[in-house]
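Visitor: Below are the structure tokens for one structure; questions will follow.
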Protein chains: 4
Amino acid sequence: MAGNTFGTLFRLTTFGESHGNAIGGIIDGCPAGIALNISDIQSELDRRRPGQSSLTTPRKEHDTVEWLSGVFEGITTGAPIGFLLRNEDSNSGDYDHLKSAFRPSHADYTYTAKYGHRDHRGGGRSSARETACRVAAGAIARQLLAVEGIDVSAYVERVENTDVSFPPRYFDRSEIDISPTRCPDPIAAKSMAAIIEAARIDGDTVGGTIALVGRGIPVGLGEPVFDKFQAVLAHALWRVPAVKSMEIGSGLHGTTMRGTAHNDPIRANEGGKLYTVTNHSGGVQGGITNGENLIVRLGFKPVSTLMRPQESVSTSSESITLEGKGRHDPCVLPRAVPIVEAMTLLVLADHWLINRVAKLP
Amino acid sequence: MAGNTFGTLFRLTTFGESHGNAIGGIIDGCPAGIALNISDIQSELDRRRPGQSSLTTPRKEHDTVEWLSGVFEGITTGAPIGFLLRNEDSNSGDYDHLKSAFRPSHADYTYTAKYGHRDHRGGGRSSARETACRVAAGAIARQLLAVEGIDVSAYVERVENTDVSFPPRYFDRSEIDISPTRCPDPIAAKSMAAIIEAARIDGDTVGGTIALVGRGIPVGLGEPVFDKFQAVLAHALWRVPAVKSMEIGSGLHGTTMRGTAHNDPIRANEGGKLYTVTNHSGGVQGGITNGENLIVRLGFKPVSTLMRPQESVSTSSESITLEGKGRHDPCVLPRAVPIVEAMTLLVLADHWLINRVAKLP
Amino acid sequence: MAGNTFGTLFRLTTFGESHGNAIGGIIDGCPAGIALNISDIQSELDRRRPGQSSLTTPRKEHDTVEWLSGVFEGITTGAPIGFLLRNEDSNSGDYDHLKSAFRPSHADYTYTAKYGHRDHRGGGRSSARETACRVAAGAIARQLLAVEGIDVSAYVERVENTDVSFPPRYFDRSEIDISPTRCPDPIAAKSMAAIIEAARIDGDTVGGTIALVGRGIPVGLGEPVFDKFQAVLAHALWRVPAVKSMEIGSGLHGTTMRGTAHNDPIRANEGGKLYTVTNHSGGVQGGITNGENLIVRLGFKPVSTLMRPQESVSTSSESITLEGKGRHDPCVLPRAVPIVEAMTLLVLADHWLINRVAKLP
Amino acid sequence: MAGNTFGTLFRLTTFGESHGNAIGGIIDGCPAGIALNISDIQSELDRRRPGQSSLTTPRKEHDTVEWLSGVFEGITTGAPIGFLLRNEDSNSGDYDHLKSAFRPSHADYTYTAKYGHRDHRGGGRSSARETACRVAAGAIARQLLAVEGIDVSAYVERVENTDVSFPPRYFDRSEIDISPTRCPDPIAAKSMAAIIEAARIDGDTVGGTIALVGRGIPVGLGEPVFDKFQAVLAHALWRVPAVKSMEIGSGLHGTTMRGTAHNDPIRANEGGKLYTVTNHSGGVQGGITNGENLIVRLGFKPVSTLMRPQESVSTSSESITLEGKGRHDPCVLPRAVPIVEAMTLLVLADHWLINRVAKLP
């Protein structure tokens, strides 16, 4: 299994299964000289943690990070930052019935076919538990990017068919976290909570979309042709479990527009600094960030784990009925918000560093 | 400018500007022993070439590939395959007026800001001309994948608001190429051609969507966590110029469904081989291909180059009016079809090779 | 600090400082299906551990590995293998005098200049303690390669000016470990032990050479041009602290020979299998392994940490006298033997996997 | 055949066989803004070219580079630099007798075993002809590094058993090129020329060593642990055909010294700048350059192609006698000098860029 590292200069490698001893990771390439605020990192993990509200899985994990290296006297040394999160509330017994079964729309069958051998407990490596490591790393990227004034935030924009009443815009995370749905529109948030709760009672699940907005991003991030900013970002965001769609700027709607309406007119402000009147481009032109807000929308499918019986097959190809057991989220979106932010921050950190060598100083 | 290479084991590196001497590339990691059919490769390039019909730019390029290495007596040797396409019909003079201007929604401003210096002729490196190299490489990937019985084809599914009447399914390329729109639905194709022609007369441009279907893909391609098949594919497809949205399987529609409806039930056929009754997953589960058809949809914005005057700014931040000059496509979709196929084939070739080392033989 | 990962398909990433909380690593790309023998891995670590004999540093570390992921029911799953070694006997106080001093021929000055900030305790990240992680990973590579019948062993060939009486050849590790010098020639071993002991009493240090021999290596490992087998191996072996020279096959002596004497005649045995009569090539021809034994020699400088006063400068450029403190090896060679083996095994594992895709099956 | 790319930020990919249509390459990641002096690049290629003197092969190649992209109005744009060298004097007929034969100590057998299929003409991809591409790229790296005041030069230090009378030191290339042997010691150069000429008359070949010295290298290049400067340099230098040994600083001799003699005392000059009194470290400490001269020695075996009959085997394992045909160098060292420089320059360019992100600005 390759594919557990990403990034060129700011790199994250992770390990760990849902119900193994621990999960963790190594951040390599974080520049020396950053005074890390460890409690801010922990706050980000708390946003992803299970058991935050009735809308999420009741599995209890403190997700307390043990920092193992790379920081000395509170400051990054340039050495790789190793970290660890112990698995605490891992009732492996909940998964005994899955040892010889393939759950629909999960990784059970594909992993077994690929590797011949599978850690079936809670999805093993395919569990979203691994994303805690990304959130930890993303929180460090956020502190690095603060040096430049870059920040991103994401929120739940739609659950099933209920959405917010405004186009994507930047919200402070405190505004987003007011509702456990992580939707900053109070009216929509209330409806969303009701939808999620109804699905939970049904043993069913729902999906929706998350909007992400980045601001303070300098002109010039991204590399032409194969590492266009949106392409690298797509690689990162499609790593998030349950993603079914991605849009940038005007997105799918933009594909129905005419060029005359879609082009973003460029103007200069009084200081001669360029800006665009509209932002259909979503902050990226020709694969390179243009200084406008980054605008991205991600769609998530309804969670595949249901709390009701489902038809499926056993590992020996026999028809079976799967019981819905374990502790699961009826809707992944509220907890996906910090993950989506983290993936974006990791891409920004990497490309902010890469861009330092684009031209001679 | 980094980012001109992609792939891990089957790797493509390209070079070249729209109006420079030549474009070309190097394919590294193509296994030895493939008897290449050079004329089939050329046919793929002919599908992307400008000047194919009144729906596309009248720029004339033969796009004849000169093969420079890596093939001996018609068979790949395992050595890197170098190739070259000379630029022939490059009227650089068409672009003199752009030397000191930034076109809206192009790479002009972002490249200048990033590199301090820009080849303004026809967009230089940011031109879609570079995609000819990807089509050449993709054609070799197709011949490699034929060994396994894998193939992909794409078609125009929607132009502006006119779309085909069926969900994504596999068509033979001969069926797709009947219409210059590359839409296999004859009635929709006719409407699309009219829409594109009307936009051309207006000096305007239109966008739409392309559907891609892959078949014969074995179970097991993709790597968990950061190189999930859909993530690597997203990286590849978002490299295609003008992409604004991407969906897999049930896509955006799937995000409005309930889990009970969205899950793909697994069954075993008489031989014990597993399959899914529906394919909302689009051929990928847990980041790994599951043997069902790969289903992807890509949205394209209307082309940014208009044949009418537009407001913009000069490189010295002054307001200017840009004239529409040069030779351009009113709609990028028909010519994007082979590019989308090529990017997918390159990902498949790479991951088909990577998957050979997933488990002990 | 980048550069904490190596390998293409079989990849190791490490973290950790000499006197931090822990060191550890992640092995990514180990194929699924290997039944790991954990106690054999621990035995390899015991060979590198400090405190083995009077010839090595008295620092006590159990170097017990905690395995965190990637193995289920004793068998590798294809998921990344995370592991951890706690630092136990880390008397950081021994290093207080180094906080504001630069030790000669160490990383103290270069790290400070590069990063602006340094974990001075025991050399921090530059300490050879990190090599324990490589030995752990190399031990897993050895178990993977055993499937193919590949093995390597190394031994101390020369200490200062005392060397063994035979050219490099394969010894079983049990024969090598008879003497704490790790020299399989009993007479030379005795002299070497005396030399090391004399240096230790002097507060001085000595260097020498290690010979490494690999056997059972199939024809075909290595990639032409930039990843020639010897080039990738050189990258790996020059990562070992204190290396000053490397030779392959006939080595430095071979550079004084004539081509007629140096060429290795090829013959076929009765079964038609080719072999070479001599092995001046050291098992690699044209950058690719040829099936003969791999023969490498590495030279190590005398350890830079002395147990006597030395002149140096402070971090504020003032002349100082450094006291010799802490616990150190008077000769690095015996403990370097398992490290050299591990680095070679990691390269072999990676290239054994890479070679599976050189040609069509 | 992977392994045709190297470098992280400043990357070279090459293609081409000895007797194919052309060789060439792509340099990716060269920063924008460098005014390239094309004739200086060509001069470097002329130093590597065959047919320079009676000491080298009489094959005639102009090695004129065609530059295809990445440079606009004489200045690098940040886009990839594509380039091409046509093969002119390629008498493939000289190699017909090798189609079914394996030359001793060449890549013939290993390539055939690895790939199943081989371009036998002049060694195909394994020919040293490919190194012309590295020299072209190295010449660009030299112009980039001149911005920082970095330069390297190499010379022939020993041929067979005749060597120069001084330890490695920096010579201007004009001093080195006075003699066709590329030895800057006139007396040794004369003897070396006689030795090479005698070998040529015998149809035999000789080896020796090259010394390389770099100056102006700033403190801080290289990355700890796996990308130590000497390790990356070793990877690069062991890519040069015929290398059998490598030493850094005190080298093999240093391994016989005591630590008290080997350590390089650090002092501060009047401005507080640190330097070392001796340079046994060869310019690298703890894997990071320390600002002193880089000192490296490389040993080369005698060329494997002999102009006399040799015993060998056919591709069908039968004993044969190989005739010595074609045009070859009796000693590779004079023409290897620019290649060794180029490989070092490519490493320096890459790590000079990488080091820009080691710490916060």
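Ordered as shown in the structure tokens, chains take letters A, B, and onward, while each chain numbers its residues from 1 and ligands are numbered from 1 in the order shown.
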Report as a ChimeraX atom specification all protein, DNA and RNA residues lying within 12 Å of Asn37 of chain D, evaluated on only C-alpha atoms, omitting residues in the same chain fewer than 4 positions from it.

Guide: /D:41-44,71,73-76,136,139-144,146

Visitor: Residues at most 12 Å from Gly78 of chain D, counting only C-alpha atoms, excluding those fewer than 6 positions away in the same chain, as a ChimeraX atom specification?

Guide: /A:223-224,355,357-360 /B:1-4,15-17,111-119,124-126 /D:9-10,27-35,69-72

Visitor: The selected residues should be written to file as an mmCIF file, in the first residue's frame (atoms: C-alpha atoms).

Guide:
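Produced file selection38.cif, reproduced below:
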```
data_model
loop_
_atom_site.group_PDB
_atom_site.id
_atom_site.type_symbol
_atom_site.label_atom_id
_atom_site.label_comp_id
_atom_site.auth_asym_id
_atom_site.auth_seq_id
_atom_site.Cartn_x
_atom_site.Cartn_y
_atom_site.Cartn_z
ATOM 1 C CA GLU A 223 2.612 25.168 -11.082
ATOM 2 C CA PRO A 224 1.577 25.163 -14.732
ATOM 3 C CA ASN A 355 6.590 29.158 -5.093
ATOM 4 C CA VAL A 357 11.830 29.176 -6.054
ATOM 5 C CA ALA A 358 9.825 30.189 -9.129
ATOM 6 C CA LYS A 359 12.086 33.045 -10.036
ATOM 7 C CA LEU A 360 15.440 34.438 -9.077
ATOM 8 C CA MET B 1 8.102 26.036 -13.131
ATOM 9 C CA ALA B 2 7.959 22.611 -11.706
ATOM 10 C CA GLY B 3 4.970 20.391 -12.302
ATOM 11 C CA ASN B 4 5.736 19.210 -15.813
ATOM 12 C CA PHE B 15 7.797 20.813 -22.647
ATOM 13 C CA GLY B 16 6.967 23.456 -25.187
ATOM 14 C CA GLU B 17 5.102 26.668 -25.804
ATOM 15 C CA TYR B 111 2.196 33.938 -15.000
ATOM 16 C CA THR B 112 3.606 37.454 -15.115
ATOM 17 C CA ALA B 113 3.215 37.842 -11.367
ATOM 18 C CA LYS B 114 4.742 34.445 -10.698
ATOM 19 C CA TYR B 115 7.666 34.485 -13.121
ATOM 20 C CA GLY B 116 8.265 38.187 -13.795
ATOM 21 C CA HIS B 117 8.679 37.354 -17.480
ATOM 22 C CA ARG B 118 6.265 35.777 -19.948
ATOM 23 C CA ASP B 119 6.170 34.301 -23.440
ATOM 24 C CA GLY B 124 3.052 30.338 -24.258
ATOM 25 C CA ARG B 125 3.217 27.409 -21.885
ATOM 26 C CA SER B 126 -0.362 27.956 -20.691
ATOM 27 C CA LEU D 9 13.151 21.180 -7.622
ATOM 28 C CA PHE D 10 15.739 21.468 -10.414
ATOM 29 C CA ILE D 27 15.039 20.642 -17.511
ATOM 30 C CA ASP D 28 12.132 21.388 -15.220
ATOM 31 C CA GLY D 29 12.251 23.826 -12.347
ATOM 32 C CA CYS D 30 14.881 26.243 -13.598
ATOM 33 C CA PRO D 31 13.847 29.574 -12.043
ATOM 34 C CA ALA D 32 12.645 32.333 -14.338
ATOM 35 C CA GLY D 33 14.824 35.345 -14.940
ATOM 36 C CA ILE D 34 18.197 33.872 -15.902
ATOM 37 C CA ALA D 35 19.810 35.397 -18.987
ATOM 38 C CA SER D 69 11.413 25.821 -25.212
ATOM 39 C CA GLY D 70 11.591 27.588 -21.856
ATOM 40 C CA VAL D 71 13.638 30.567 -22.983
ATOM 41 C CA PHE D 72 12.059 33.745 -24.391
#
```

Visitor: Find the residue from A:Met343, A:Cys331, A:His62, A:Ser245 that sits nearest to Val296 of chain B; use only C-alpha atoms when measuring.

Guide: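 Checking each of A:Met343, A:Cys331, A:His62, A:Ser245 against Val296 of chain B, counting only C-alpha atoms, the winner is A:Ser245.
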
Visitor: Which residues are close to Val243 of chain D, i.e. within 9 Å by only C-alpha atoms, leaving aside same-chain residues fewer than 2 positions away? Reply as a PDB file with all heavy atoms, in the first residue's frame.

Guide:
```
ATOM      1  N   GLU C 247      33.448   1.811  -2.411  1.00  0.00           N
ATOM      2  CA  GLU C 247      34.002   1.117  -3.580  1.00  0.00           C
ATOM      3  C   GLU C 247      33.049  -0.015  -3.960  1.00  0.00           C
ATOM      4  O   GLU C 247      32.396  -0.587  -3.095  1.00  0.00           O
ATOM      5  CB  GLU C 247      35.369   0.504  -3.254  1.00  0.00           C
ATOM      6  CG  GLU C 247      36.402   1.523  -2.817  1.00  0.00           C
ATOM      7  CD  GLU C 247      37.668   0.864  -2.259  1.00  0.00           C
ATOM      8  OE1 GLU C 247      38.422   0.279  -3.050  1.00  0.00           O
ATOM      9  OE2 GLU C 247      37.863   0.916  -1.026  1.00  0.00           O
ATOM     10  N   ILE C 248      33.007  -0.326  -5.221  1.00  0.00           N
ATOM     11  CA  ILE C 248      32.206  -1.465  -5.661  1.00  0.00           C
ATOM     12  C   ILE C 248      33.090  -2.410  -6.472  1.00  0.00           C
ATOM     13  O   ILE C 248      33.945  -1.963  -7.246  1.00  0.00           O
ATOM     14  CB  ILE C 248      30.952  -1.008  -6.442  1.00  0.00           C
ATOM     15  CG1 ILE C 248      29.980  -2.177  -6.597  1.00  0.00           C
ATOM     16  CG2 ILE C 248      31.290  -0.411  -7.790  1.00  0.00           C
ATOM     17  CD1 ILE C 248      28.566  -1.750  -6.933  1.00  0.00           C
ATOM     18  N   GLY C 251      36.817  -1.926  -7.085  1.00  0.00           N
ATOM     19  CA  GLY C 251      37.003  -0.682  -6.343  1.00  0.00           C
ATOM     20  C   GLY C 251      38.196   0.134  -6.789  1.00  0.00           C
ATOM     21  O   GLY C 251      38.529   0.209  -7.977  1.00  0.00           O
ATOM     22  N   THR C 255      40.848   0.552 -10.545  1.00  0.00           N
ATOM     23  CA  THR C 255      41.121   1.727 -11.390  1.00  0.00           C
ATOM     24  C   THR C 255      42.575   1.770 -11.852  1.00  0.00           C
ATOM     25  O   THR C 255      42.943   2.609 -12.676  1.00  0.00           O
ATOM     26  CB  THR C 255      40.779   3.043 -10.645  1.00  0.00           C
ATOM     27  OG1 THR C 255      41.724   3.250  -9.591  1.00  0.00           O
ATOM     28  CG2 THR C 255      39.368   3.007 -10.087  1.00  0.00           C
TER      29      THR C 255
ATOM     30  N   LEU D 237      26.917  11.074  -8.701  1.00  0.00           N
ATOM     31  CA  LEU D 237      28.228  10.734  -9.279  1.00  0.00           C
ATOM     32  C   LEU D 237      28.315   9.265  -9.658  1.00  0.00           C
ATOM     33  O   LEU D 237      28.989   8.905 -10.632  1.00  0.00           O
ATOM     34  CB  LEU D 237      29.346  11.129  -8.314  1.00  0.00           C
ATOM     35  CG  LEU D 237      29.487  12.645  -8.105  1.00  0.00           C
ATOM     36  CD1 LEU D 237      30.562  12.939  -7.054  1.00  0.00           C
ATOM     37  CD2 LEU D 237      29.816  13.368  -9.418  1.00  0.00           C
ATOM     38  N   TRP D 238      27.633   8.415  -8.929  1.00  0.00           N
ATOM     39  CA  TRP D 238      27.644   6.993  -9.283  1.00  0.00           C
ATOM     40  C   TRP D 238      26.756   6.713 -10.493  1.00  0.00           C
ATOM     41  O   TRP D 238      26.647   5.570 -10.946  1.00  0.00           O
ATOM     42  CB  TRP D 238      27.229   6.134  -8.086  1.00  0.00           C
ATOM     43  CG  TRP D 238      28.315   5.992  -7.062  1.00  0.00           C
ATOM     44  CD1 TRP D 238      28.581   6.821  -6.020  1.00  0.00           C
ATOM     45  CD2 TRP D 238      29.299   4.950  -6.985  1.00  0.00           C
ATOM     46  NE1 TRP D 238      29.657   6.362  -5.302  1.00  0.00           N
ATOM     47  CE2 TRP D 238      30.115   5.209  -5.867  1.00  0.00           C
ATOM     48  CE3 TRP D 238      29.570   3.810  -7.761  1.00  0.00           C
ATOM     49  CZ2 TRP D 238      31.186   4.388  -5.504  1.00  0.00           C
ATOM     50  CZ3 TRP D 238      30.626   2.986  -7.385  1.00  0.00           C
ATOM     51  CH2 TRP D 238      31.419   3.275  -6.275  1.00  0.00           C
ATOM     52  N   ARG D 239      26.101   7.725 -10.989  1.00  0.00           N
ATOM     53  CA  ARG D 239      25.396   7.584 -12.274  1.00  0.00           C
ATOM     54  C   ARG D 239      26.353   7.699 -13.448  1.00  0.00           C
ATOM     55  O   ARG D 239      25.956   7.449 -14.591  1.00  0.00           O
ATOM     56  CB  ARG D 239      24.386   8.723 -12.413  1.00  0.00           C
ATOM     57  CG  ARG D 239      23.156   8.575 -11.582  1.00  0.00           C
ATOM     58  CD  ARG D 239      22.495   9.910 -11.374  1.00  0.00           C
ATOM     59  NE  ARG D 239      21.261   9.724 -10.629  1.00  0.00           N
ATOM     60  CZ  ARG D 239      20.717  10.622  -9.824  1.00  0.00           C
ATOM     61  NH1 ARG D 239      21.289  11.801  -9.651  1.00  0.00           N
ATOM     62  NH2 ARG D 239      19.613  10.360  -9.197  1.00  0.00           N
ATOM     63  N   VAL D 240      27.569   8.180 -13.198  1.00  0.00           N
ATOM     64  CA  VAL D 240      28.524   8.356 -14.289  1.00  0.00           C
ATOM     65  C   VAL D 240      29.071   6.987 -14.661  1.00  0.00           C
ATOM     66  O   VAL D 240      29.485   6.224 -13.786  1.00  0.00           O
ATOM     67  CB  VAL D 240      29.655   9.316 -13.864  1.00  0.00           C
ATOM     68  CG1 VAL D 240      30.666   9.477 -14.983  1.00  0.00           C
ATOM     69  CG2 VAL D 240      29.070  10.669 -13.455  1.00  0.00           C
ATOM     70  N   PRO D 241      29.063   6.634 -15.934  1.00  0.00           N
ATOM     71  CA  PRO D 241      29.533   5.309 -16.328  1.00  0.00           C
ATOM     72  C   PRO D 241      30.982   5.058 -15.896  1.00  0.00           C
ATOM     73  O   PRO D 241      31.796   5.978 -15.912  1.00  0.00           O
ATOM     74  CB  PRO D 241      29.437   5.350 -17.863  1.00  0.00           C
ATOM     75  CG  PRO D 241      28.412   6.389 -18.174  1.00  0.00           C
ATOM     76  CD  PRO D 241      28.560   7.413 -17.084  1.00  0.00           C
ATOM     77  N   SER D 245      34.798   3.948  -7.471  1.00  0.00           N
ATOM     78  CA  SER D 245      35.058   4.384  -6.098  1.00  0.00           C
ATOM     79  C   SER D 245      34.756   5.859  -5.962  1.00  0.00           C
ATOM     80  O   SER D 245      34.806   6.602  -6.938  1.00  0.00           O
ATOM     81  CB  SER D 245      36.521   4.137  -5.718  1.00  0.00           C
ATOM     82  OG  SER D 245      37.375   4.978  -6.481  1.00  0.00           O
ATOM     83  N   MET D 246      34.429   6.252  -4.743  1.00  0.00           N
ATOM     84  CA  MET D 246      34.190   7.662  -4.445  1.00  0.00           C
ATOM     85  C   MET D 246      34.722   7.953  -3.051  1.00  0.00           C
ATOM     86  O   MET D 246      34.576   7.134  -2.147  1.00  0.00           O
ATOM     87  CB  MET D 246      32.687   7.958  -4.512  1.00  0.00           C
ATOM     88  CG  MET D 246      32.306   9.350  -4.034  1.00  0.00           C
ATOM     89  SD  MET D 246      30.517   9.675  -4.220  1.00  0.00           S
ATOM     90  CE  MET D 246      30.345  11.097  -3.119  1.00  0.00           C
ATOM     91  N   LEU D 298      36.794  10.614  -7.521  1.00  0.00           N
ATOM     92  CA  LEU D 298      36.081   9.508  -8.169  1.00  0.00           C
ATOM     93  C   LEU D 298      37.056   8.623  -8.916  1.00  0.00           C
ATOM     94  O   LEU D 298      37.894   9.129  -9.679  1.00  0.00           O
ATOM     95  CB  LEU D 298      35.126  10.054  -9.220  1.00  0.00           C
ATOM     96  CG  LEU D 298      33.730  10.488  -8.835  1.00  0.00           C
ATOM     97  CD1 LEU D 298      32.915  10.664 -10.112  1.00  0.00           C
ATOM     98  CD2 LEU D 298      33.035   9.500  -7.913  1.00  0.00           C
ATOM     99  N   GLY D 299      36.934   7.299  -8.731  1.00  0.00           N
ATOM    100  CA  GLY D 299      37.763   6.356  -9.473  1.00  0.00           C
ATOM    101  C   GLY D 299      37.003   5.744 -10.637  1.00  0.00           C
ATOM    102  O   GLY D 299      35.827   5.418 -10.497  1.00  0.00           O
ATOM    103  N   PHE D 300      37.685   5.607 -11.767  1.00  0.00           N
ATOM    104  CA  PHE D 300      37.070   5.029 -12.971  1.00  0.00           C
ATOM    105  C   PHE D 300      37.813   3.769 -13.382  1.00  0.00           C
ATOM    106  O   PHE D 300      39.045   3.749 -13.433  1.00  0.00           O
ATOM    107  CB  PHE D 300      37.140   6.027 -14.139  1.00  0.00           C
ATOM    108  CG  PHE D 300      36.240   7.207 -13.935  1.00  0.00           C
ATOM    109  CD1 PHE D 300      36.631   8.252 -13.122  1.00  0.00           C
ATOM    110  CD2 PHE D 300      34.997   7.267 -14.550  1.00  0.00           C
ATOM    111  CE1 PHE D 300      35.803   9.354 -12.918  1.00  0.00           C
ATOM    112  CE2 PHE D 300      34.158   8.361 -14.355  1.00  0.00           C
ATOM    113  CZ  PHE D 300      34.559   9.399 -13.536  1.00  0.00           C
ATOM    114  N   LYS D 301      37.066   2.768 -13.743  1.00  0.00           N
ATOM    115  CA  LYS D 301      37.666   1.526 -14.243  1.00  0.00           C
ATOM    116  C   LYS D 301      38.183   1.752 -15.663  1.00  0.00           C
ATOM    117  O   LYS D 301      37.792   2.730 -16.325  1.00  0.00           O
ATOM    118  CB  LYS D 301      36.642   0.402 -14.226  1.00  0.00           C
ATOM    119  CG  LYS D 301      35.527   0.539 -15.248  1.00  0.00           C
ATOM    120  CD  LYS D 301      34.632  -0.704 -15.277  1.00  0.00           C
ATOM    121  CE  LYS D 301      33.546  -0.539 -16.344  1.00  0.00           C
ATOM    122  NZ  LYS D 301      32.657  -1.693 -16.426  1.00  0.00           N
TER     123      LYS D 301
END
```

Visitor: Smallest atom-to-atom distance to chain D: which of B:Phe229, B:Phe6, B:Tyr275, B:Trp352, using only C-alpha atoms?

Guide: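 Among the listed residues, the smallest separation from chain D belongs to B:Phe6.
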
Visitor: What is the atom CA of Pro80 of chain A to atom CA of Ile26 of chain A distance in Å?

Guide: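 Separation of atom CA of Pro80 of chain A and atom CA of Ile26 of chain A: 6.3 Å.
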
Visitor: Between atom CA of Ser179 of chain D and atom CA of Gly282 of chain D, measure the distance and give it in Å to one decimal.

Guide: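 Atom-to-atom, atom CA of Ser179 of chain D to atom CA of Gly282 of chain D, that is 26.6 Å.
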
Visitor: As a list in words, list the residues of segment 6-112 of chain D assigned to strand (DSSP E) by DSSP on the backbone atoms of this structure.

Guide: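 Secondary structure check on segment 6-112 of chain D, strand (DSSP E): Phe6, Arg11, Leu12, Thr13, Thr14, Phe15, Gly16, Ala22, Ile23, Gly24, Gly25, Ile26, Ile27, Asp28, Glu66, Trp67, Val71, Phe72, Ile75, Thr76, Ile81, Gly82, Phe83, Leu84, Leu85, Arg86, Ala101 and Phe102 of chain D.
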
Visitor: Could you find all residues in segment 82-190 of chain C that DSSP calls helix (DSSP H, G or I) from the backbone, and write them as a ChimeraX atom specification?

Guide: /C:92-98,108-115,121-126,128-148,173-176,186-190

Visitor: Could you name the residues that touch Thr276 of chain D at 12 Å or less, counting only C-alpha atoms, but leaving out those on the same chain fewer than 2 positions away, as number ranges by chain?

Guide: C: 102-106, 109, 311-313; D: 262-269, 273-274, 278-285, 290-293

Visitor: Atom CA of Phe226 of chain A to atom CA of Ala107 of chain A: how many Å, to one decimal?

Guide: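 Computed distance, atom CA of Phe226 of chain A to atom CA of Ala107 of chain A, equals 28.7 Å.
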
Visitor: Which one of D:Thr14, D:Thr110, D:Asn161, D:Thr289 sits closest to Phe83 of chain B if you count only C-alpha atoms?

Guide: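 Of all the options, D:Thr14 lies closest to Phe83 of chain B.
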
Visitor: Residues near Glu197 of chain C, anyone? I mean within 12 Å using only C-alpha atoms, not counting same-chain ones fewer than 6 positions away, as a ChimeraX atom specification.

Guide: /C:53-57,159,180-181,190-191,203-206,329-331

Visitor: Residues within 7 Å of Asp63 of chain C, please, as a PyMOL selection string. Count only C-alpha atoms; anything in the same chain fewer than 4 positions from it doesn't count.

Guide: chain C and resi 45+49+85

Visitor: Would you save the residues from that selection as a JSON list (two decimals), in the first residue's frame, using all heavy atoms?

Guide:
```
[["chain", "number", "residue", "atom", "x", "y", "z"],
["C", 45, "LEU", "N", 17.92, -5.24, 15.75],
["C", 45, "LEU", "CA", 18.10, -4.01, 16.53],
["C", 45, "LEU", "C", 19.10, -4.21, 17.66],
["C", 45, "LEU", "O", 19.87, -3.31, 17.99],
["C", 45, "LEU", "CB", 16.75, -3.55, 17.10],
["C", 45, "LEU", "CG", 15.91, -2.84, 16.04],
["C", 45, "LEU", "CD1", 14.44, -3.01, 16.31],
["C", 45, "LEU", "CD2", 16.29, -1.36, 16.01],
["C", 49, "ARG", "N", 22.31, -1.85, 18.92],
["C", 49, "ARG", "CA", 22.09, -1.22, 20.22],
["C", 49, "ARG", "C", 23.39, -0.79, 20.88],
["C", 49, "ARG", "O", 24.40, -1.49, 20.76],
["C", 49, "ARG", "CB", 21.41, -2.25, 21.13],
["C", 49, "ARG", "CG", 20.37, -1.68, 22.03],
["C", 49, "ARG", "CD", 19.72, -2.80, 22.81],
["C", 49, "ARG", "NE", 20.69, -3.88, 23.09],
["C", 49, "ARG", "CZ", 20.48, -4.81, 24.00],
["C", 49, "ARG", "NH1", 19.36, -4.81, 24.71],
["C", 49, "ARG", "NH2", 21.37, -5.75, 24.21],
["C", 85, "LEU", "N", 10.26, 3.76, 18.97],
["C", 85, "LEU", "CA", 11.23, 3.36, 20.00],
["C", 85, "LEU", "C", 11.35, 4.52, 20.98],
["C", 85, "LEU", "O", 11.76, 5.61, 20.59],
["C", 85, "LEU", "CB", 12.62, 3.07, 19.41],
["C", 85, "LEU", "CG", 12.79, 1.88, 18.49],
["C", 85, "LEU", "CD1", 12.45, 2.22, 17.05],
["C", 85, "LEU", "CD2", 14.22, 1.35, 18.56]]
```
